[in-house]
Amino acid sequence: MNDTPNGIPAATVVVFRKGPEGSPPELLMVIRSRTMSFAGGAAVFPGGRVDDADRALAATLPEVDDTDEAAHRIAAIRETLEETGLAIGFAGRIDGARAREARRILLDAGSLAPVLDATGWTLDLGAIVPFARWFPRNERLPRIFDTRFYLADLGTGEVDVAVDETENTRLFWTTAADALAAADRGDLTVIFPTRRNLERLARFADFDAALRDCAAFPQQTITPFVEERDGARWICIPENLGYPVTAEPLDGVRRS
């Protein structure tokens with residue numbers, strides 16, 4: 001499955017849609033099933049590991065210089081369609097009915113190439129924008145994921161989403177600030193990378209602001225580390241990567 005000795009390649013995508021007039025953008029989140037070994041019961045963004053089929057499809061694409069990066073974006077597109085029913089990162093005639101049929105084909109086939117063959121869609125990898133990369137390689141976790149985070153924009157319009165109940169139990173749209181408030185109340189469980197990303201996302205008034213931030217802070221690998229501060233242990237990330245909060249007391253932090 002293309003696991004590396006240091007981590008499992010994975011991709012996740014933060015899907016934006018416009019909120020009510022004058023409100024911050026809303027983001028699509030899923031609640032992971034409590035039976036899942038990674039982040040069970042936690043609120044996360046759609047995503048999952050990069051499959052061999054994602055890499056095989058990337059290798060067929062013309063004018064792609066970095067097939068590894070293309071495979072990660074394909075994984076983000078595939079996982080979003082599978083987990084939520086949203087068809088992002090495609091070009092072609094797309095509506096709700098076609099998205100539902102594409103999802104059915106994907107669930108039957110387990111890979112994205114048959115979806116493209118059946119629908120006539122092509123991939124629009126440029127619509128999946130690199131945002132961050134998290135790789136907790138120095139932590140003692142049962143499974144280490146090297147995860148690339150991407151952004152995608154739905155713009156306006158209502159969309160139908162439906163949860164894939166094999167891995168998730170709920171889908172919901174929320175602003176980043178509301179998700180953080182819910183986590184502070186104990187209504188949501190978020191792991192350390194999700195909280196840090198929500199704090200960064202909460203600063204964006206719209207998708208264009210998010211794109212400007214991506215340009216200002218090109219994707220770098222973020223590896224959390226632990227340090228002592230006044231006799232307490234804190235989990236930290238490097239400064240100057242676009243994150244407004246870069247440390248949190250280790251006690252009570254959920255990391256997986």
# chains A, B, ... in the order shown; residues from 1 in each chain; ligands from 1

call {"tool": "residues_around", "arguments": {"residues": "A:Arg137", "least_positions_apart": "5", "cutoff": "9 Å", "atoms": "only C-alpha atoms", "output": "PDB file with C-alpha atoms, in the first residue's frame"}}
result
ATOM      1  CA  ASN A   6       8.412   6.472   8.587  1.00  0.00           C
ATOM      2  CA  GLY A   7       4.738   6.977   7.859  1.00  0.00           C
ATOM      3  CA  ILE A 144       2.003   7.380  11.877  1.00  0.00           C
ATOM      4  CA  PHE A 145       0.430   9.217   8.944  1.00  0.00           C
ATOM      5  CA  ASP A 146       2.324  11.623   6.711  1.00  0.00           C
ATOM      6  CA  THR A 223       6.560  17.685  12.858  1.00  0.00           C
ATOM      7  CA  PRO A 224       5.275  18.385  16.382  1.00  0.00           C
TER       8      PRO A 224
END

call {"tool": "residues_around", "arguments": {"residues": "stretch 207-210 of chain A", "least_positions_apart": "6", "cutoff": "8 Å", "atoms": "only C-alpha atoms", "output": "PyMOL selection string"}}
result
chain A and resi 16+25+153+201

call {"tool": "write_last_selection", "arguments": {"atoms": "N, CA and C atoms", "output": "PDB file, in the first residue's frame"}}
result
ATOM      1  N   PHE A  16     -14.437  24.274   1.435  1.00  0.00           N
ATOM      2  CA  PHE A  16     -15.072  25.548   1.793  1.00  0.00           C
ATOM      3  C   PHE A  16     -16.399  25.696   1.047  1.00  0.00           C
ATOM      4  N   PRO A  25     -16.677  31.672   5.969  1.00  0.00           N
ATOM      5  CA  PRO A  25     -16.960  30.461   5.190  1.00  0.00           C
ATOM      6  C   PRO A  25     -17.221  29.272   6.106  1.00  0.00           C
ATOM      7  N   ASP A 153     -12.791  24.689  -2.957  1.00  0.00           N
ATOM      8  CA  ASP A 153     -13.871  25.661  -2.800  1.00  0.00           C
ATOM      9  C   ASP A 153     -15.104  25.222  -3.573  1.00  0.00           C
ATOM     10  N   LEU A 201      -7.463  28.317  10.012  1.00  0.00           N
ATOM     11  CA  LEU A 201      -8.582  28.525   9.101  1.00  0.00           C
ATOM     12  C   LEU A 201      -9.551  29.591   9.605  1.00  0.00           C
TER      13      LEU A 201
END

call {"tool": "select_by_dssp", "arguments": {"residues": "stretch 85-180 of chain A", "states": "helix (DSSP H, G or I)", "output": "list in words"}}
result
Gly96, Ala97, Arg98, Ala99, Arg100, Glu101, Ala102, Arg103, Arg104, Ile105, Leu106, Leu107, Asp108, Ala109, Ala113, Pro114, Val115, Leu116, Asp117, Ala118, Thr119, Leu125, Gly126, Ala127, Ala176, Ala177, Asp178, Ala179 and Leu180 of chain A

call {"tool": "residues_around", "arguments": {"residues": "A:Thr175", "least_positions_apart": "4", "cutoff": "8 Å", "atoms": "only C-alpha atoms", "output": "VMD selection string"}}
result
chain A and resid 24 to 27 179 202

call {"tool": "write_last_selection", "arguments": {"atoms": "N, CA and C atoms", "output": "tab-separated table (two decimals), in the first residue's frame"}}
result
chain	number	residue	atom	x	y	z
A	24	PRO	N	-18.43	34.10	8.05
A	24	PRO	CA	-17.23	33.39	7.58
A	24	PRO	C	-17.61	32.17	6.75
A	25	PRO	N	-16.68	31.67	5.97
A	25	PRO	CA	-16.96	30.46	5.19
A	25	PRO	C	-17.22	29.27	6.11
A	26	GLU	N	-17.99	28.32	5.58
A	26	GLU	CA	-18.25	27.08	6.30
A	26	GLU	C	-17.37	25.97	5.75
A	27	LEU	N	-16.99	25.04	6.62
A	27	LEU	CA	-16.09	23.94	6.27
A	27	LEU	C	-16.82	22.62	6.52
A	179	ALA	N	-16.46	25.40	15.26
A	179	ALA	CA	-15.90	24.09	15.58
A	179	ALA	C	-14.98	24.17	16.79
A	202	ALA	N	-9.65	29.75	10.91
A	202	ALA	CA	-10.57	30.73	11.48
A	202	ALA	C	-10.18	32.16	11.14

call {"tool": "select_by_dssp", "arguments": {"residues": "stretch 161-221 of chain A", "states": "strand (DSSP E or B)", "output": "list in words"}}
result
Asn168, Thr169, Arg170, Leu171, Phe172, Trp173, Thr174 and Thr221 of chain A

call {"tool": "closest_residue", "arguments": {"among": "A:Leu198, A:Leu154, A:Leu107, A:Leu250", "to": "A:Lys18", "atoms": "only C-alpha atoms"}}
result
A:Leu154

call {"tool": "residues_around", "arguments": {"residues": "A:Ile128", "least_positions_apart": "5", "cutoff": "7 Å", "atoms": "only C-alpha atoms", "output": "mmCIF file with N, CA, C and O atoms, in the first residue's frame"}}
result
data_model
loop_
_atom_site.group_PDB
_atom_site.id
_atom_site.type_symbol
_atom_site.label_atom_id
_atom_site.label_comp_id
_atom_site.auth_asym_id
_atom_site.auth_seq_id
_atom_site.Cartn_x
_atom_site.Cartn_y
_atom_site.Cartn_z
ATOM 1 N N ARG A 73 -3.251 14.314 -4.370
ATOM 2 C CA ARG A 73 -4.449 15.095 -4.705
ATOM 3 C C ARG A 73 -5.572 14.176 -5.188
ATOM 4 O O ARG A 73 -6.747 14.396 -4.861
ATOM 5 N N GLY A 89 -12.688 18.600 -7.574
ATOM 6 C CA GLY A 89 -11.488 18.264 -8.315
ATOM 7 C C GLY A 89 -11.740 17.573 -9.647
ATOM 8 O O GLY A 89 -10.842 16.953 -10.202
ATOM 9 N N TYR A 150 -5.169 19.787 1.964
ATOM 10 C CA TYR A 150 -5.491 20.600 0.797
ATOM 11 C C TYR A 150 -6.750 21.423 1.079
ATOM 12 O O TYR A 150 -7.519 21.119 2.004
ATOM 13 N N LEU A 151 -6.950 22.462 0.259
ATOM 14 C CA LEU A 151 -8.156 23.274 0.298
ATOM 15 C C LEU A 151 -8.895 23.139 -1.030
ATOM 16 O O LEU A 151 -8.272 23.005 -2.082
ATOM 17 N N ALA A 152 -10.225 23.195 -0.978
ATOM 18 C CA ALA A 152 -11.051 23.199 -2.183
ATOM 19 C C ALA A 152 -12.258 24.081 -1.908
ATOM 20 O O ALA A 152 -12.707 24.198 -0.765
#

call {"tool": "closest_residue", "arguments": {"among": "A:Gly110, A:Gly231, A:Gly242, A:Pro20", "to": "A:Arg78", "atoms": "only C-alpha atoms"}}
result
A:Gly110

call {"tool": "decode", "arguments": {"residues": "stretch 209-242 of chain A", "atoms": "N, CA and C atoms", "output": "short mmCIF file (atom, residue, chain, number, x, y, z; two decimals), in the first residue's frame"}}
result
data_model
loop_
_atom_site.label_atom_id
_atom_site.label_comp_id
_atom_site.auth_asym_id
_atom_site.auth_seq_id
_atom_site.Cartn_x
_atom_site.Cartn_y
_atom_site.Cartn_z
N ALA A 209 -8.87 34.63 0.79
CA ALA A 209 -7.94 34.90 1.88
C ALA A 209 -7.13 33.65 2.20
N ALA A 210 -7.77 32.49 2.13
CA ALA A 210 -7.05 31.24 2.37
C ALA A 210 -5.98 31.02 1.30
N LEU A 211 -6.31 31.34 0.05
CA LEU A 211 -5.33 31.18 -1.03
C LEU A 211 -4.14 32.11 -0.82
N ARG A 212 -4.40 33.33 -0.39
CA ARG A 212 -3.29 34.26 -0.13
C ARG A 212 -2.40 33.73 0.98
N ASP A 213 -3.00 33.13 1.99
CA ASP A 213 -2.22 32.56 3.09
C ASP A 213 -1.36 31.40 2.59
N CYS A 214 -1.93 30.57 1.73
CA CYS A 214 -1.16 29.45 1.17
C CYS A 214 0.05 29.96 0.39
N ALA A 215 -0.14 31.07 -0.34
CA ALA A 215 0.97 31.65 -1.09
C ALA A 215 2.03 32.23 -0.16
N ALA A 216 1.58 32.79 0.96
CA ALA A 216 2.51 33.41 1.91
C ALA A 216 3.29 32.36 2.71
N PHE A 217 2.67 31.19 2.91
CA PHE A 217 3.31 30.12 3.69
C PHE A 217 3.28 28.83 2.88
N PRO A 218 4.18 28.69 1.91
CA PRO A 218 4.20 27.47 1.10
C PRO A 218 4.30 26.23 1.99
N GLN A 219 3.69 25.16 1.52
CA GLN A 219 3.59 23.94 2.31
C GLN A 219 4.95 23.44 2.75
N GLN A 220 5.10 23.26 4.06
CA GLN A 220 6.28 22.65 4.64
C GLN A 220 5.83 21.53 5.57
N THR A 221 6.73 20.57 5.80
CA THR A 221 6.38 19.47 6.69
C THR A 221 6.42 19.94 8.14
N ILE A 222 5.33 19.71 8.85
CA ILE A 222 5.21 20.09 10.26
C ILE A 222 5.34 18.84 11.11
N THR A 223 6.36 18.80 11.94
CA THR A 223 6.56 17.69 12.86
C THR A 223 6.48 18.21 14.29
N PRO A 224 5.39 17.91 15.00
CA PRO A 224 5.28 18.38 16.38
C PRO A 224 6.41 17.84 17.25
N PHE A 225 6.73 18.59 18.30
CA PHE A 225 7.76 18.17 19.24
C PHE A 225 7.34 18.58 20.64
N VAL A 226 7.93 17.95 21.63
CA VAL A 226 7.59 18.22 23.03
C VAL A 226 8.77 18.92 23.69
N GLU A 227 8.46 19.97 24.47
CA GLU A 227 9.50 20.66 25.23
C GLU A 227 8.99 21.02 26.62
N GLU A 228 9.93 21.23 27.53
CA GLU A 228 9.60 21.61 28.91
C GLU A 228 9.45 23.12 29.01
N ARG A 229 8.36 23.56 29.65
CA ARG A 229 8.15 24.97 29.90
C ARG A 229 7.66 25.14 31.34
N ASP A 230 8.49 25.78 32.18
CA ASP A 230 8.13 26.02 33.58
C ASP A 230 7.70 24.74 34.28
N GLY A 231 8.44 23.67 34.03
CA GLY A 231 8.18 22.41 34.71
C GLY A 231 7.07 21.58 34.10
N ALA A 232 6.44 22.06 33.03
CA ALA A 232 5.36 21.31 32.38
C ALA A 232 5.79 20.95 30.96
N ARG A 233 5.20 19.89 30.45
CA ARG A 233 5.51 19.46 29.09
C ARG A 233 4.48 20.03 28.12
N TRP A 234 4.98 20.63 27.04
CA TRP A 234 4.12 21.23 26.02
C TRP A 234 4.40 20.55 24.69
N ILE A 235 3.35 20.38 23.90
CA ILE A 235 3.52 19.90 22.53
C ILE A 235 3.49 21.12 21.62
N CYS A 236 4.46 21.21 20.73
CA CYS A 236 4.70 22.43 19.96
C CYS A 236 4.86 22.11 18.47
N ILE A 237 4.68 23.15 17.67
CA ILE A 237 5.03 23.10 16.25
C ILE A 237 5.92 24.30 15.96
N PRO A 238 6.67 24.28 14.86
CA PRO A 238 7.55 25.42 14.56
C PRO A 238 6.78 26.72 14.37
N GLU A 239 7.43 27.81 14.64
CA GLU A 239 6.87 29.14 14.40
C GLU A 239 6.99 29.48 12.90
N ASN A 240 6.32 30.55 12.52
CA ASN A 240 6.45 31.14 11.18
C ASN A 240 5.98 30.23 10.05
N LEU A 241 4.95 29.41 10.34
CA LEU A 241 4.36 28.58 9.31
C LEU A 241 2.90 28.94 9.06
N GLY A 242 2.48 30.08 9.63
CA GLY A 242 1.11 30.54 9.40
C GLY A 242 0.13 30.20 10.50
#
